[in-house]
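Have a look at the structure below, then the notes.
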Amino acid sequence: MDAPASPVRFDADGAPRSRRCGDVYFSKGGGLAESRRVFLAGCGLPERWAGRGRFLVGELGFGTGLNVLALLDLWRAHRPPGARLAVFSVEAEPLSASEARRALAAWPELADLTELLTARWPGQRRGFHRVDLPELGATLDVAVMDVADALRAWDGRADAWFLDGFAPAVNPEMWTDEVMALVARRSAAGARAATYTVAGRVRRALAAAGWRPERRPGFGAKRERLEAFAPGEAANDPPASPRVSIVGAGIAGAALARAFADQGVAVRVLEAERAGGAASGNPSALVTPRLDAGLGPIAQLHAQAFARACQLYERVAAVVIARGVLQLEAGPRDAARFAKIAASDLFEPGALQRLSGDAVRAALGEPAPSALRLASALVVEPERILAAWLPQLDIARVARLERSGEAWRLLDGDGGALAEAEVVCLAPGVGLRALWDGAPIEPVRGQLSWTDGVAFTAVAWGAYVAPTRRGVAFGATHDRGDARADLRAGDDARNLEAVGARLPALGATLRDRPTGARAAVRAATPDRLPIAGEAAPGLFVLGGFGARGFALAPLLAEHVAARALGLPSPLPAPLADVVEPHRFVRRARRRGMARSGPAV
């Protein structure tokens, strides 16, 4: 996708203004003071988070990030000990980090927070974006999409709302009855909302949604503003963090451990052998998305997961082996498919680039078809990721689970108790079939080959070549239904043949060199989509990644952790439905009903 036109222009005095509707983002002189008066004080902050372990703020109109900046400044000054702040904001026309930095430079007293926020600024692709602020015990999710779509897709319940879209007269779509009803639906009991406008349509929409709007003295030239009160009493915080056990220490288990730790929750990880002993133990791994030209929920899931995975891996010291992957055209339909995907808004501007055969030849040093260059794709070292994200392991084989009151008992083969926890997350790859009755998991054996002393660009076309620390890895075989992990000389020959058929010069080089190999069994599902969510009360599953675990696991682990802890998911609802664990059972029931005919 080409870079979208900037939504902002700056007046002569430096004040940012919307190109589309002409309204200012904030007053150049009083913007910060207005944010503090209208939104922070208007929502009763900081008093309303006193004594709370978690507090959730929603916002319509992220804009320059000024309201969030003011909120973070207040939070760091009045944060309850150990408490965590979550913010969900909506922005249909996102600014770039440089534009935000220019706008926020008007308040040097917040320069440190401005630098922190703009250094991790959300991107411009359509969808949800997560910004981690562990220094402040805070997380920001920004939905880059239309407001009604964003509110329908989010599953949180905010304690406070900043209603800060452009003025109703020039931006009426943000102040409709439907939007205010969605805000009410996404609010906790006793929530507060605040806005600078007292327009009649806004007051009526809030009242129709069940809020009690009240006029208050305004700020600056605005004579009045609104505070609105949702019905009910604010609920007490949920009980202390549950005990959490994770079964499996591959990328799924490691990503789960990281996701829970990010929410301040310690976990136990049980692993039968060692970290990365199965499909997560290769010398390098490609982090690339599945390229789906349908551009629907499946494509959106892979695009968001890919972006989140790359974001998180970039923070792990010395984990990135190479950046950028060439996806070669492998069939006659790929040219049109790649063009459609590259032109979509699912990836960041410039992240996908079409390359001609000549350009690919120049990059690879031998003839090759046209390709799609995934500029932000990564080749990573799995061992370092697992070491960074996993706590100390309990080496034990979990044979079965048993419900015990409000908890689960994890038992060994003799029936001995290994652990007990209110939350159990199953992430053992193909081992999921032994622990979750009816798990929709199929084994897929894969053997990867490698050699040292050869350098080559990361390239994929069904098979792939990826740099390692010492050379290149290539393959891998894909044998569905095969659950054995023995090494087979014939599979090394298959891998060499696949490389030679697409890249003859490289294939000739590899054929004359000694080869190492590793075989493992991947976990796949019948619809080639992962599973992530609650399988039974307190029992959660994560897996079925096929060959894309390193691209999918980080985001989906955050989704599972959010579900387990009762927090808003970073995954939009339509995407969560795509990975829901019981989807196969529901489909089977629908097929059965269809075969039996309508009831009479």
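If you're wondering about the labels, chains in the structure tokens are A, B, ... by order shown, residues count from 1 in each chain, ligands from 1 in order shown.
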How close does each residue of segment 260-365 of chain A get to segment 452-475 of chain A, giving the shortest atom pair and distance in Å to one decimal for every residue with an atom at most 7 Å away, counting only C-alpha atoms, sorted by chain and residue number, as CSV?
residue,atom,partner,partner_atom,distance
A:Pro283,CA,A:Thr468,CA,6.2
A:Ser284,CA,A:Thr468,CA,5.6
A:Ile321,CA,A:Thr468,CA,6.8
A:Val325,CA,A:Ala458,CA,5.0
A:Leu326,CA,A:Val459,CA,4.6
A:Gln327,CA,A:Ala460,CA,4.9
A:Leu328,CA,A:Trp461,CA,5.1
A:Glu329,CA,A:Trp461,CA,6.7
A:Ala330,CA,A:Trp461,CA,5.8
A:Leu364,CA,A:Thr457,CA,6.8
From segment 282-520 of chain A, collect each residue whose DSSP state is helix (DSSP H, G or I) and return the set as an MDAnalysis selection string.
chainID A and resid 297:313 334:342 357:364 382:389 429:435 489:502 504:511
Would you please give, as a PyMOL selection string, all residues of segment 8-147 of chain A that DSSP assigns to strand (DSSP E) based on the backbone?
chain A and resi 8-10+16-18+54-60+84-90+127-133+138-144
Write out as a list in words which residues come within 6 Å of segment 248-253 of chain A when counting only C-alpha atoms, dropping same-chain ones fewer than 3 positions away.
Leu256, Glu271, Ala275, Gly276, Ser280, Ala427, Pro428 and Ala553 of chain A
Those residues you just picked out, can you put them in a file as a CSV table (one decimal), in the first residue's frame with all heavy atoms?
chain,number,residue,atom,x,y,z
A,256,LEU,N,2.9,-17.5,25.7
A,256,LEU,CA,1.9,-17.4,26.8
A,256,LEU,C,2.6,-16.9,28.1
A,256,LEU,O,2.0,-16.0,28.8
A,256,LEU,CB,1.3,-18.7,27.1
A,256,LEU,CG,0.2,-19.2,26.1
A,256,LEU,CD1,-0.1,-20.7,26.2
A,256,LEU,CD2,-1.1,-18.4,26.3
A,271,GLU,N,7.0,-28.9,31.0
A,271,GLU,CA,7.5,-29.3,29.7
A,271,GLU,C,8.1,-30.7,29.9
A,271,GLU,O,8.8,-31.0,30.8
A,271,GLU,CB,8.6,-28.4,29.1
A,271,GLU,CG,9.4,-28.9,28.0
A,271,GLU,CD,8.5,-29.3,26.8
A,271,GLU,OE1,7.6,-28.6,26.4
A,271,GLU,OE2,8.7,-30.4,26.2
A,275,ALA,N,12.9,-27.0,26.5
A,275,ALA,CA,12.4,-25.9,25.7
A,275,ALA,C,12.7,-26.1,24.2
A,275,ALA,O,13.9,-26.3,23.9
A,275,ALA,CB,12.9,-24.5,26.2
A,276,GLY,N,11.7,-25.9,23.4
A,276,GLY,CA,11.9,-26.0,21.9
A,276,GLY,C,12.3,-27.4,21.5
A,276,GLY,O,12.9,-27.6,20.4
A,280,SER,N,9.6,-26.1,17.7
A,280,SER,CA,10.2,-24.7,17.9
A,280,SER,C,11.7,-24.8,18.1
A,280,SER,O,12.2,-23.8,18.5
A,280,SER,CB,9.5,-24.1,19.1
A,280,SER,OG,8.1,-23.9,18.9
A,427,ALA,N,-0.4,-25.9,25.6
A,427,ALA,CA,0.3,-25.4,24.4
A,427,ALA,C,1.4,-26.5,24.0
A,427,ALA,O,2.5,-26.1,23.8
A,427,ALA,CB,0.9,-24.1,24.6
A,428,PRO,N,1.0,-27.7,24.0
A,428,PRO,CA,2.1,-28.8,23.8
A,428,PRO,C,2.1,-29.3,22.3
A,428,PRO,O,2.6,-30.4,22.1
A,428,PRO,CB,1.6,-29.9,24.7
A,428,PRO,CG,0.1,-29.8,24.6
A,428,PRO,CD,-0.2,-28.4,24.4
A,553,ALA,N,1.9,-17.0,17.2
A,553,ALA,CA,1.9,-17.2,18.6
A,553,ALA,C,1.9,-16.0,19.5
A,553,ALA,O,1.1,-15.9,20.5
A,553,ALA,CB,3.0,-18.2,19.1
I'd like the neighbourhood of Asp412 of chain A as a PyMOL selection string, where a residue qualifies if any of its atoms comes within 8 Å (using only C-alpha atoms), though same-chain residues fewer than 4 positions away should be ignored.
chain A and resi 396-400+416-418
Store the residues of this selection in a file with N, CA, C and O atoms, as a compact mmCIF listing (two decimals), in the first residue's frame.
# COMPACT_ATOMS: atom_id res chain seq x y z
N ALA A 396 8.44 -32.16 33.43
CA ALA A 396 7.49 -33.19 33.84
C ALA A 396 6.51 -33.41 32.69
O ALA A 396 6.14 -32.46 31.99
N ARG A 397 6.08 -34.64 32.51
CA ARG A 397 5.12 -34.96 31.46
C ARG A 397 3.72 -34.99 32.06
O ARG A 397 3.42 -35.82 32.92
N VAL A 398 2.88 -34.09 31.60
CA VAL A 398 1.49 -34.05 32.05
C VAL A 398 0.71 -35.09 31.24
O VAL A 398 0.62 -35.00 30.00
N ALA A 399 0.14 -36.07 31.94
CA ALA A 399 -0.58 -37.15 31.25
C ALA A 399 -2.06 -36.86 31.11
O ALA A 399 -2.69 -37.26 30.13
N ARG A 400 -2.63 -36.18 32.11
CA ARG A 400 -4.06 -35.86 32.02
C ARG A 400 -4.40 -34.75 32.99
O ARG A 400 -3.60 -34.39 33.87
N GLY A 416 -0.14 -38.97 39.90
CA GLY A 416 0.40 -38.03 40.87
C GLY A 416 0.19 -36.60 40.43
O GLY A 416 0.27 -36.28 39.24
N ALA A 417 -0.06 -35.73 41.40
CA ALA A 417 -0.32 -34.32 41.10
C ALA A 417 1.00 -33.58 40.82
O ALA A 417 1.91 -33.60 41.63
N LEU A 418 1.08 -32.96 39.65
CA LEU A 418 2.23 -32.14 39.29
C LEU A 418 2.01 -30.67 39.62
O LEU A 418 2.95 -29.94 39.93
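Minimum atom-to-atom distance to Leu555 of chain A, evaluated using only C-alpha atoms, belongs to A:Cys310 out of A:Leu401, A:Arg384, A:Cys310, A:Arg587.
Closest approach to Arg223 of chain A among A:Thr197, A:Ser370, A:Thr477, A:Ser187 is made by A:Thr197 (distances from only C-alpha atoms).
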Identify, on the basis of only C-alpha atoms, every residue whose closest approach to Pro217 of chain A does not exceed 12 Å; exclude the query and any residue fewer than 3 positions from it along the same chain; express the result as number ranges by chain.
A: 34, 37-38, 41-42, 195-198, 214, 220-227
Would you export the selected residues with N, CA and C atoms as a PDB file, in the first residue's frame, please?
ATOM      1  N   GLU A  34      -6.821  21.938  28.651  1.00  0.00           N
ATOM      2  CA  GLU A  34      -8.180  21.512  28.311  1.00  0.00           C
ATOM      3  C   GLU A  34      -8.340  20.007  28.485  1.00  0.00           C
ATOM      4  N   ARG A  37      -8.693  19.337  32.178  1.00  0.00           N
ATOM      5  CA  ARG A  37      -9.954  19.819  32.754  1.00  0.00           C
ATOM      6  C   ARG A  37     -11.151  19.034  32.224  1.00  0.00           C
ATOM      7  N   VAL A  38     -11.227  18.903  30.896  1.00  0.00           N
ATOM      8  CA  VAL A  38     -12.409  18.318  30.290  1.00  0.00           C
ATOM      9  C   VAL A  38     -12.451  16.805  30.481  1.00  0.00           C
ATOM     10  N   ALA A  41     -10.367  15.449  34.679  1.00  0.00           N
ATOM     11  CA  ALA A  41     -11.245  15.842  35.788  1.00  0.00           C
ATOM     12  C   ALA A  41     -12.694  15.474  35.492  1.00  0.00           C
ATOM     13  N   GLY A  42     -13.091  15.571  34.206  1.00  0.00           N
ATOM     14  CA  GLY A  42     -14.462  15.245  33.840  1.00  0.00           C
ATOM     15  C   GLY A  42     -14.818  13.789  34.091  1.00  0.00           C
ATOM     16  N   THR A 195     -16.831  15.013  27.627  1.00  0.00           N
ATOM     17  CA  THR A 195     -16.604  15.601  26.315  1.00  0.00           C
ATOM     18  C   THR A 195     -16.677  17.112  26.399  1.00  0.00           C
ATOM     19  N   TYR A 196     -16.085  17.764  25.416  1.00  0.00           N
ATOM     20  CA  TYR A 196     -16.042  19.228  25.376  1.00  0.00           C
ATOM     21  C   TYR A 196     -17.338  19.822  24.838  1.00  0.00           C
ATOM     22  N   THR A 197     -18.172  19.017  24.146  1.00  0.00           N
ATOM     23  CA  THR A 197     -19.348  19.551  23.469  1.00  0.00           C
ATOM     24  C   THR A 197     -20.611  19.329  24.294  1.00  0.00           C
ATOM     25  N   VAL A 198     -21.528  20.292  24.186  1.00  0.00           N
ATOM     26  CA  VAL A 198     -22.850  20.134  24.806  1.00  0.00           C
ATOM     27  C   VAL A 198     -23.942  20.157  23.738  1.00  0.00           C
ATOM     28  N   GLU A 214     -24.725  15.631  32.180  1.00  0.00           N
ATOM     29  CA  GLU A 214     -24.860  16.850  32.989  1.00  0.00           C
ATOM     30  C   GLU A 214     -23.896  17.901  32.461  1.00  0.00           C
ATOM     31  N   GLY A 220     -11.873  27.602  28.644  1.00  0.00           N
ATOM     32  CA  GLY A 220     -11.516  28.615  27.670  1.00  0.00           C
ATOM     33  C   GLY A 220     -12.741  29.272  27.081  1.00  0.00           C
ATOM     34  N   ALA A 221     -12.791  29.295  25.743  1.00  0.00           N
ATOM     35  CA  ALA A 221     -13.899  29.960  25.062  1.00  0.00           C
ATOM     36  C   ALA A 221     -15.178  29.139  25.095  1.00  0.00           C
ATOM     37  N   LYS A 222     -15.084  27.892  25.481  1.00  0.00           N
ATOM     38  CA  LYS A 222     -16.284  27.053  25.529  1.00  0.00           C
ATOM     39  C   LYS A 222     -16.980  27.260  26.879  1.00  0.00           C
ATOM     40  N   ARG A 223     -18.218  27.704  26.815  1.00  0.00           N
ATOM     41  CA  ARG A 223     -18.927  28.049  28.042  1.00  0.00           C
ATOM     42  C   ARG A 223     -19.279  26.824  28.878  1.00  0.00           C
ATOM     43  N   GLU A 224     -19.585  25.703  28.189  1.00  0.00           N
ATOM     44  CA  GLU A 224     -19.998  24.499  28.909  1.00  0.00           C
ATOM     45  C   GLU A 224     -19.333  23.262  28.310  1.00  0.00           C
ATOM     46  N   ARG A 225     -19.342  22.198  29.080  1.00  0.00           N
ATOM     47  CA  ARG A 225     -18.896  20.879  28.647  1.00  0.00           C
ATOM     48  C   ARG A 225     -19.850  19.859  29.265  1.00  0.00           C
ATOM     49  N   LEU A 226     -19.648  18.577  28.942  1.00  0.00           N
ATOM     50  CA  LEU A 226     -20.527  17.537  29.463  1.00  0.00           C
ATOM     51  C   LEU A 226     -19.752  16.507  30.274  1.00  0.00           C
ATOM     52  N   GLU A 227     -20.396  16.083  31.348  1.00  0.00           N
ATOM     53  CA  GLU A 227     -19.998  14.858  32.030  1.00  0.00           C
ATOM     54  C   GLU A 227     -21.216  13.947  31.992  1.00  0.00           C
TER      55      GLU A 227
END
For Ala228 of chain A, work out the shell of residues within 10 Å, counting only C-alpha atoms and skipping chain neighbours fewer than 5 positions away, then give it as a tab-separated table (two decimals) with C-alpha atoms, in the first residue's frame.
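Listed below is the output, selection.tsv:
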chain	number	residue	atom	x	y	z
A	42	GLY	CA	-14.46	15.25	33.84
A	43	CYS	CA	-14.05	11.50	34.40
A	160	ALA	CA	-14.02	6.08	31.75
A	161	TRP	CA	-14.54	7.48	28.25
A	191	ALA	CA	-18.56	4.42	34.26
A	192	ARG	CA	-18.03	8.10	33.51
A	193	ALA	CA	-17.77	9.85	30.14
A	194	ALA	CA	-16.58	13.36	29.37
A	195	THR	CA	-16.60	15.60	26.32
A	203	ARG	CA	-26.84	14.96	24.95
A	206	LEU	CA	-26.07	9.80	25.51
A	207	ALA	CA	-29.41	9.91	27.28
A	210	GLY	CA	-28.84	5.15	29.26
A	211	TRP	CA	-26.31	7.74	30.42
A	212	ARG	CA	-27.15	10.74	32.59
A	213	PRO	CA	-25.49	13.74	30.90
A	214	GLU	CA	-24.86	16.85	32.99
A	215	ARG	CA	-23.57	20.25	31.92
